[in-house]
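What follows is the content of protein14.cif, which has mmCIF, C-alpha atoms:
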```cif
data_model
loop_
_atom_site.label_atom_id
_atom_site.label_comp_id
_atom_site.auth_asym_id
_atom_site.auth_seq_id
_atom_site.Cartn_x
_atom_site.Cartn_y
_atom_site.Cartn_z
CA MET Q 1 -13.40 14.30 -0.33
CA ARG Q 2 -10.39 13.79 1.95
CA HIS Q 3 -8.38 10.60 2.19
CA THR Q 4 -9.23 10.42 5.91
CA ASP Q 5 -13.00 10.70 5.40
CA ARG Q 6 -14.82 7.56 6.54
CA THR Q 7 -17.75 5.63 5.15
CA ARG Q 8 -19.54 2.45 6.16
CA LEU Q 9 -19.41 -0.86 4.35
CA GLY Q 10 -22.90 -1.96 3.40
CA ASP Q 11 -25.33 -2.01 6.30
CA THR Q 12 -22.66 -2.81 8.86
CA GLY Q 13 -20.97 -0.74 11.51
CA VAL Q 14 -17.59 -1.21 9.83
CA GLU Q 15 -16.05 2.06 8.63
CA VAL Q 16 -13.19 2.53 6.20
CA THR Q 17 -11.21 5.58 5.20
CA ARG Q 18 -11.71 6.63 1.58
CA LEU Q 19 -8.08 5.73 0.92
CA GLY Q 20 -6.84 2.42 2.23
CA LEU Q 21 -3.65 0.42 1.92
CA GLY Q 22 -3.25 -2.88 0.11
CA LEU Q 23 -0.45 -4.69 1.90
CA ALA Q 24 0.56 -7.34 -0.63
CA PRO Q 25 3.86 -5.50 -1.28
CA LEU Q 26 4.74 -5.81 2.40
CA GLY Q 27 4.81 -9.58 1.87
CA GLY Q 28 7.73 -9.16 -0.52
CA LEU Q 29 5.82 -8.96 -3.78
CA TYR Q 30 8.43 -9.27 -6.56
CA ARG Q 31 11.30 -8.08 -4.35
CA ARG Q 32 12.35 -7.94 -0.72
CA VAL Q 33 11.02 -5.24 1.58
CA GLY Q 34 12.49 -6.16 4.95
CA ASP Q 35 10.93 -5.78 8.37
CA GLU Q 36 12.11 -2.27 9.14
CA GLN Q 37 10.87 -0.79 5.87
CA ALA Q 38 7.55 -2.56 6.30
CA TYR Q 39 7.13 -1.20 9.82
CA ALA Q 40 8.10 2.32 8.69
CA THR Q 41 5.56 2.10 5.86
CA LEU Q 42 2.74 1.23 8.24
CA GLU Q 43 3.77 3.91 10.72
CA ARG Q 44 3.80 6.53 7.95
CA ALA Q 45 0.30 5.45 6.92
CA TRP Q 46 -0.87 5.86 10.50
CA ASP Q 47 0.70 9.31 10.72
CA GLU Q 48 -1.09 10.28 7.48
CA GLY Q 49 -4.45 9.36 9.00
CA LEU Q 50 -5.05 6.19 6.99
CA ARG Q 51 -7.10 3.69 8.97
CA TYR Q 52 -8.02 0.90 6.53
CA PHE Q 53 -5.50 -1.89 5.96
CA ASP Q 54 -5.99 -4.99 3.78
CA THR Q 55 -3.80 -8.09 3.94
CA ALA Q 56 -4.03 -11.86 3.31
CA PRO Q 57 -2.32 -15.15 4.18
CA LEU Q 58 -1.19 -15.43 0.54
CA TYR Q 59 0.97 -12.31 0.74
CA GLY Q 60 4.42 -13.71 1.40
CA SER Q 61 2.91 -16.84 3.01
CA GLY Q 62 1.81 -14.89 6.07
CA LEU Q 63 4.66 -12.39 6.09
CA SER Q 64 2.42 -9.41 5.32
CA GLU Q 65 0.07 -10.38 8.15
CA ARG Q 66 2.92 -10.74 10.63
CA ARG Q 67 4.42 -7.38 9.68
CA THR Q 68 1.02 -5.69 9.72
CA GLY Q 69 0.18 -7.10 13.13
CA ARG Q 70 3.52 -6.06 14.58
CA VAL Q 71 2.55 -2.41 14.04
CA LEU Q 72 -1.24 -2.41 14.32
CA SER Q 73 -1.35 -4.50 17.48
CA GLY Q 74 0.19 -1.50 19.22
CA LYS Q 75 -2.49 0.92 17.98
CA PRO Q 76 -5.91 1.61 19.57
CA ARG Q 77 -8.02 -1.25 18.21
CA ASP Q 78 -11.18 0.78 17.67
CA GLU Q 79 -9.36 3.38 15.55
CA PHE Q 80 -8.54 1.19 12.52
CA THR Q 81 -10.21 -1.27 10.21
CA LEU Q 82 -8.41 -4.43 9.13
CA SER Q 83 -9.37 -6.95 6.49
CA THR Q 84 -7.78 -10.29 5.70
CA LYS Q 85 -8.81 -13.28 3.62
CA VAL Q 86 -9.73 -16.96 3.65
CA GLY Q 87 -9.68 -19.67 0.99
CA ARG Q 88 -6.03 -20.61 1.35
CA VAL Q 89 -4.45 -22.41 4.29
CA LEU Q 90 -0.69 -22.21 4.80
CA ARG Q 91 1.09 -25.54 5.12
CA PRO Q 92 4.76 -26.57 5.08
CA SER Q 93 5.94 -26.19 1.50
CA ALA Q 94 7.44 -29.66 1.35
CA ASP Q 95 4.26 -31.35 2.55
CA PRO Q 96 1.04 -29.61 1.44
CA GLY Q 97 -1.10 -32.43 2.81
CA PRO Q 98 -4.04 -34.16 1.15
CA PRO Q 99 -6.90 -32.19 -0.43
CA GLU Q 100 -9.93 -32.01 1.82
CA ALA Q 101 -13.16 -33.50 0.57
CA GLY Q 102 -15.27 -31.07 -1.40
CA SER Q 103 -12.82 -28.22 -1.03
CA GLY Q 104 -11.20 -28.36 -4.41
CA ALA Q 105 -8.05 -28.08 -2.30
CA ALA Q 106 -4.73 -28.19 -4.08
CA VAL Q 107 -1.42 -26.43 -3.85
CA ASP Q 108 -1.76 -22.87 -5.13
CA HIS Q 109 1.09 -22.61 -7.59
CA ASN Q 110 0.44 -18.90 -8.12
CA SER Q 111 2.76 -18.21 -5.23
CA THR Q 112 6.13 -17.78 -6.92
CA ILE Q 113 6.09 -13.98 -7.05
CA TRP Q 114 6.96 -13.58 -3.37
CA ALA Q 115 10.61 -12.75 -2.78
CA GLU Q 116 10.58 -13.33 0.98
CA ALA Q 117 8.28 -16.30 1.43
CA GLY Q 118 9.41 -18.76 4.07
CA ASP Q 119 8.90 -22.50 4.49
CA THR Q 120 5.13 -22.55 4.14
CA GLY Q 121 2.96 -22.38 1.04
CA PRO Q 122 -0.72 -21.71 0.31
CA VAL Q 123 -3.15 -24.55 -0.31
CA TRP Q 124 -6.68 -23.89 -1.55
CA ASP Q 125 -9.37 -24.74 1.00
CA PHE Q 126 -12.91 -23.32 0.91
CA THR Q 127 -14.45 -25.78 3.38
CA ALA Q 128 -16.04 -24.37 6.52
CA ASP Q 129 -13.32 -25.99 8.64
CA GLY Q 130 -10.64 -24.61 6.35
CA VAL Q 131 -12.07 -21.12 6.59
CA LEU Q 132 -12.13 -21.24 10.39
CA ARG Q 133 -8.60 -22.61 10.54
CA SER Q 134 -7.36 -19.96 8.12
CA TYR Q 135 -8.99 -17.19 10.14
CA ALA Q 136 -7.57 -18.49 13.43
CA ASP Q 137 -4.09 -18.74 11.89
CA SER Q 138 -4.38 -15.19 10.56
CA LEU Q 139 -5.29 -13.83 13.97
CA ASP Q 140 -2.28 -15.62 15.45
CA ARG Q 141 0.02 -14.03 12.88
CA LEU Q 142 -1.59 -10.62 13.33
CA GLY Q 143 -1.62 -10.74 17.11
CA LEU Q 144 -5.18 -9.39 17.07
CA ASP Q 145 -8.47 -10.72 18.41
CA ARG Q 146 -10.50 -10.05 15.28
CA ALA Q 147 -10.54 -8.85 11.72
CA ASP Q 148 -13.20 -6.31 10.82
CA VAL Q 149 -13.72 -7.60 7.27
CA LEU Q 150 -13.11 -11.14 6.05
CA HIS Q 151 -12.88 -11.73 2.30
CA VAL Q 152 -13.27 -15.07 0.55
CA HIS Q 153 -10.15 -14.85 -1.62
CA ASP Q 154 -10.11 -15.74 -5.33
CA PRO Q 155 -12.81 -18.44 -5.50
CA ASP Q 156 -12.71 -18.39 -9.34
CA GLU Q 157 -12.27 -22.16 -9.70
CA HIS Q 158 -14.06 -23.00 -6.44
CA TYR Q 159 -17.48 -21.37 -6.76
CA GLY Q 160 -19.41 -24.39 -5.41
CA PRO Q 161 -17.59 -24.83 -2.09
CA ALA Q 162 -17.24 -21.07 -1.68
CA VAL Q 163 -21.03 -20.66 -1.80
CA ALA Q 164 -21.92 -23.86 0.04
CA GLU Q 165 -19.36 -23.67 2.84
CA ALA Q 166 -17.08 -20.63 2.95
CA LEU Q 167 -19.69 -17.88 2.78
CA PRO Q 168 -22.06 -19.49 5.32
CA ALA Q 169 -19.08 -19.89 7.67
CA LEU Q 170 -18.33 -16.17 7.34
CA VAL Q 171 -21.97 -15.30 7.96
CA ARG Q 172 -21.84 -17.32 11.19
CA LEU Q 173 -18.69 -15.47 12.22
CA ARG Q 174 -20.47 -12.17 11.58
CA ASP Q 175 -23.55 -13.29 13.50
CA GLN Q 176 -21.29 -14.27 16.42
CA GLY Q 177 -19.63 -10.84 16.39
CA ARG Q 178 -16.25 -12.34 15.47
CA ILE Q 179 -16.04 -10.27 12.27
CA GLY Q 180 -17.89 -7.15 11.21
CA ALA Q 181 -18.46 -7.68 7.49
CA VAL Q 182 -18.60 -10.55 4.99
CA SER Q 183 -16.88 -9.97 1.68
CA VAL Q 184 -15.32 -11.61 -1.37
CA GLY Q 185 -12.17 -10.44 -3.14
CA MET Q 186 -11.54 -11.24 -6.82
CA ASN Q 187 -9.88 -10.02 -9.99
CA GLN Q 188 -13.07 -10.44 -12.01
CA ALA Q 189 -16.48 -8.79 -11.86
CA GLU Q 190 -18.80 -11.44 -13.31
CA MET Q 191 -18.56 -14.00 -10.50
CA LEU Q 192 -18.65 -11.25 -7.90
CA ALA Q 193 -22.05 -10.23 -9.29
CA ASP Q 194 -23.27 -13.82 -8.86
CA LEU Q 195 -21.97 -13.83 -5.29
CA VAL Q 196 -23.69 -10.54 -4.49
CA ARG Q 197 -26.96 -12.23 -5.49
CA THR Q 198 -26.53 -14.78 -2.69
CA GLY Q 199 -27.52 -12.04 -0.26
CA HIS Q 200 -24.63 -12.88 2.09
CA LEU Q 201 -22.28 -10.03 1.26
CA ASP Q 202 -21.71 -6.65 2.87
CA SER Q 203 -18.92 -5.71 0.46
CA VAL Q 204 -16.79 -6.95 -2.40
CA LEU Q 205 -13.14 -6.26 -3.14
CA LEU Q 206 -12.86 -5.72 -6.89
CA ALA Q 207 -9.22 -5.76 -8.02
CA GLY Q 208 -8.27 -4.15 -11.30
CA ARG Q 209 -11.70 -4.24 -12.91
CA TYR Q 210 -12.80 -0.69 -12.29
CA THR Q 211 -9.85 1.45 -13.31
CA LEU Q 212 -8.92 3.95 -15.98
CA LEU Q 213 -7.96 0.99 -18.18
CA ASP Q 214 -10.66 -1.55 -17.35
CA GLN Q 215 -14.26 -0.68 -16.54
CA SER Q 216 -15.68 -4.20 -16.83
CA GLY Q 217 -17.10 -3.88 -13.33
CA LEU Q 218 -19.45 -1.23 -14.65
CA ALA Q 219 -21.41 -3.63 -16.84
CA GLU Q 220 -23.18 -5.51 -14.07
CA LEU Q 221 -21.43 -5.59 -10.70
CA LEU Q 222 -21.39 -1.92 -9.72
CA PRO Q 223 -25.05 -1.23 -10.58
CA LEU Q 224 -26.06 -4.43 -8.77
CA ALA Q 225 -23.98 -3.53 -5.73
CA SER Q 226 -25.63 -0.10 -5.60
CA GLU Q 227 -29.06 -1.70 -5.82
CA ARG Q 228 -28.31 -4.26 -3.08
CA GLY Q 229 -26.47 -1.89 -0.74
CA VAL Q 230 -23.19 -3.80 -1.08
CA SER Q 231 -20.09 -1.63 -0.89
CA VAL Q 232 -17.31 -1.98 -3.45
CA ILE Q 233 -13.68 -1.77 -2.36
CA ALA Q 234 -11.77 -0.78 -5.50
CA ALA Q 235 -8.30 -2.33 -5.43
CA GLY Q 236 -5.58 -2.58 -8.04
CA VAL Q 237 -6.33 0.94 -9.27
CA TYR Q 238 -2.89 1.09 -10.91
CA ASN Q 239 -3.50 -2.31 -12.58
CA SER Q 240 -0.35 -3.61 -10.80
CA GLY Q 241 1.86 -0.84 -12.16
CA LEU Q 242 0.88 0.20 -15.67
CA LEU Q 243 -1.16 3.18 -14.47
CA ALA Q 244 1.59 4.23 -12.10
CA ASP Q 245 4.28 4.40 -14.76
CA PRO Q 246 3.30 3.42 -18.34
CA ARG Q 247 6.76 2.57 -19.59
CA PRO Q 248 7.94 -0.45 -21.62
CA GLY Q 249 8.16 -3.41 -19.29
CA ALA Q 250 5.45 -2.12 -16.94
CA THR Q 251 3.17 -4.79 -15.50
CA TYR Q 252 -0.56 -5.18 -16.00
CA ASP Q 253 -2.27 -7.73 -13.76
CA TYR Q 254 1.19 -8.87 -12.61
CA LEU Q 255 2.42 -9.70 -16.13
CA PRO Q 256 4.22 -7.58 -18.74
CA ALA Q 257 1.63 -5.20 -20.23
CA PRO Q 258 0.49 -5.97 -23.79
CA GLU Q 259 1.37 -3.25 -26.29
CA PRO Q 260 -2.27 -2.10 -26.91
CA LEU Q 261 -2.79 -1.53 -23.18
CA LEU Q 262 0.54 0.24 -22.89
CA ALA Q 263 -0.47 2.55 -25.74
CA ARG Q 264 -3.84 3.23 -24.12
CA ALA Q 265 -2.24 4.04 -20.78
CA ARG Q 266 0.12 6.44 -22.51
CA ALA Q 267 -2.80 8.12 -24.27
CA ILE Q 268 -4.52 8.66 -20.92
CA ALA Q 269 -1.26 9.97 -19.47
CA ALA Q 270 -0.95 12.43 -22.36
CA VAL Q 271 -4.37 13.90 -21.61
CA CYS Q 272 -3.43 14.19 -17.94
CA ALA Q 273 -0.16 15.90 -18.84
CA ARG Q 274 -2.03 18.67 -20.67
CA TYR Q 275 -3.44 19.68 -17.28
CA ASP Q 276 -0.26 19.00 -15.26
CA VAL Q 277 -2.00 16.12 -13.52
CA PRO Q 278 -0.02 12.95 -12.73
CA LEU Q 279 -1.57 9.81 -14.18
CA ARG Q 280 -1.47 8.30 -10.70
CA ALA Q 281 -3.79 11.02 -9.39
CA ALA Q 282 -6.39 10.32 -12.05
CA ALA Q 283 -6.06 6.58 -11.46
CA VAL Q 284 -6.64 6.77 -7.72
CA GLN Q 285 -9.50 9.27 -7.91
CA PHE Q 286 -11.51 7.85 -10.81
CA PRO Q 287 -13.16 4.83 -9.07
CA LEU Q 288 -14.62 6.88 -6.23
CA ALA Q 289 -16.90 8.75 -8.61
CA HIS Q 290 -19.14 5.69 -8.72
CA PRO Q 291 -21.61 5.70 -5.80
CA ALA Q 292 -21.06 1.99 -5.11
CA VAL Q 293 -17.35 2.48 -4.41
CA ALA Q 294 -16.62 3.09 -0.74
CA THR Q 295 -12.82 3.17 -0.79
CA VAL Q 296 -9.79 2.66 -3.00
CA LEU Q 297 -6.85 0.49 -1.98
CA VAL Q 298 -3.34 1.38 -3.11
CA GLY Q 299 -0.54 -1.12 -2.72
CA VAL Q 300 2.53 0.36 -1.02
CA ARG Q 301 5.98 -0.88 -0.02
CA SER Q 302 7.65 2.23 1.43
CA PRO Q 303 6.86 5.38 3.42
CA GLU Q 304 7.47 7.38 0.26
CA GLU Q 305 4.80 5.43 -1.62
CA VAL Q 306 2.34 6.09 1.22
CA ALA Q 307 3.03 9.82 1.00
CA ASP Q 308 2.65 9.70 -2.77
CA ALA Q 309 -0.71 7.92 -2.55
CA VAL Q 310 -2.00 10.57 -0.14
CA THR Q 311 -0.75 13.36 -2.42
CA MET Q 312 -2.31 11.77 -5.50
CA PHE Q 313 -5.63 11.33 -3.70
CA GLY Q 314 -5.74 15.04 -2.89
CA HIS Q 315 -4.37 16.36 -6.19
CA GLU Q 316 -6.81 18.80 -7.78
CA ILE Q 317 -8.09 17.58 -11.15
CA PRO Q 318 -10.12 19.90 -13.39
CA GLY Q 319 -13.42 18.53 -14.63
CA GLN Q 320 -12.40 19.18 -18.23
CA LEU Q 321 -9.71 16.50 -18.00
CA TRP Q 322 -12.34 13.84 -17.39
CA ARG Q 323 -14.50 15.16 -20.19
CA ASP Q 324 -11.50 15.11 -22.53
CA LEU Q 325 -10.88 11.46 -21.68
CA ARG Q 326 -14.50 10.65 -22.46
CA ARG Q 327 -14.43 12.65 -25.70
CA ALA Q 328 -11.29 10.80 -26.81
CA GLY Q 329 -12.98 7.45 -26.23
CA LEU Q 330 -10.68 6.67 -23.30
CA LEU Q 331 -13.57 6.50 -20.82
CA PRO Q 332 -17.06 5.15 -21.55
CA GLU Q 333 -20.07 7.42 -21.60
CA GLU Q 334 -21.73 5.50 -18.78
CA ALA Q 335 -18.84 5.88 -16.32
CA PRO Q 336 -19.56 8.48 -13.64
CA LEU Q 337 -16.96 11.23 -13.65
CA PRO Q 338 -15.44 12.78 -10.51
#
```
Will you turn the file into structure tokens for me?
Amino acid sequence: MRHTDRTRLGDTGVEVTRLGLGLAPLGGLYRRVGDEQAYATLERAWDEGLRYFDTAPLYGSGLSERRTGRVLSGKPRDEFTLSTKVGRVLRPSADPGPPEAGSGAAVDHNSTIWAEAGDTGPVWDFTADGVLRSYADSLDRLGLDRADVLHVHDPDEHYGPAVAEALPALVRLRDQGRIGAVSVGMNQAEMLADLVRTGHLDSVLLAGRYTLLDQSGLAELLPLASERGVSVIAAGVYNSGLLADPRPGATYDYLPAPEPLLARARAIAAVCARYDVPLRAAAVQFPLAHPAVATVLVGVRSPEEVADAVTMFGHEIPGQLWRDLRRAGLLPEEAPLP
């Protein structure tokens, strides 16, 4: 499998490369990136043959979308696949406005990790009107006429309005040809399985729950997705940093990693080291062994990180390494091996 190989999402005509880019870091996640570095990162990805890009209004309060659009709007539109997200509307930070009826709308206070955010902030809104407004605003920031995939973003505390309003609004957009695929993106597998059962979804974006450290997606979601023909986009394959560099202070799910997880990551790294395989290579290749997984997303903030992701994707890994991880109890018996 090459990083440039393409596969379809669900039963749609939307194709993604097997390696895609998660563009949260280009919104200034944790620290500044700057416009020029962001543009150079996207250009390097294009030169490497990557053609799937995932962003969201949340990422730097629209900054990731603006930077992404600045580069991709100059590329042939039919050659790349872009996804963005709905469920948050950006409003002036000083005046978030009143919650909308039935939306569960409130200021999203999980927005303090963005080093370059401007004078707007995200407000939850899963109403049909909120979804349409969010999508229109995203297209304005991107400078594009459509997104190929639209994810309902983090509906953990908003399941009711997400199912009653947001998803039907996305289905209408798909039926009108204004998007190509309906999806949901979350950091948990259980609710995603419930959402797959609605029959509305072409794909799901599963962040951090099918990795070398966490295979909770394997219990229900991945088998169900395979059965229903719903493609899984595996994101967060480094678990926000721990599987990239398992050192003290490394982050797991955007917080300092607990000691037991740090020890487990180091044990996996030790097995990899016996075969001269970087831990990052094993982390990026592992999810694709499951037939439900269409692509893996790697978050990048520099051209060098793009090049590294491509190298890790193509790094040769002997089959015995995977079997050693299973024998050591570091991978479950039921997990498909590459």
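Taking CA of Gly28 (chain Q) and CA of Ser64 (chain Q) as endpoints, the distance between them is 7.9 Å.
Picture a line from CA of Ser93 (chain Q) to CA of Leu173 (chain Q); it runs 28.9 Å.
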So which residues touch region 182-195 of chain Q within 8 Å, counting only C-alpha atoms, skipping near sequence neighbours fewer than 4 positions away, as number ranges by chain? Q: 149-156, 163, 167, 170-171, 174, 199-209, 216-217, 220-221, 224-225
Ground truth for the PyMOL selection byres ((chain Q and resi 261) around 10), written as a ChimeraX atom specification: /Q:213-214,242,246,252,257-260,262-267
Interatomic distance between CA of Leu255 (chain Q) and CA of Ala273 (chain Q)? 25.9 Å
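The shortest atom-to-atom distance to Leu90 (chain Q), with only C-alpha atoms taken into account, belongs to Q:Leu58 out of Q:Val71, Q:Leu58, Q:Leu63, Q:Val284.
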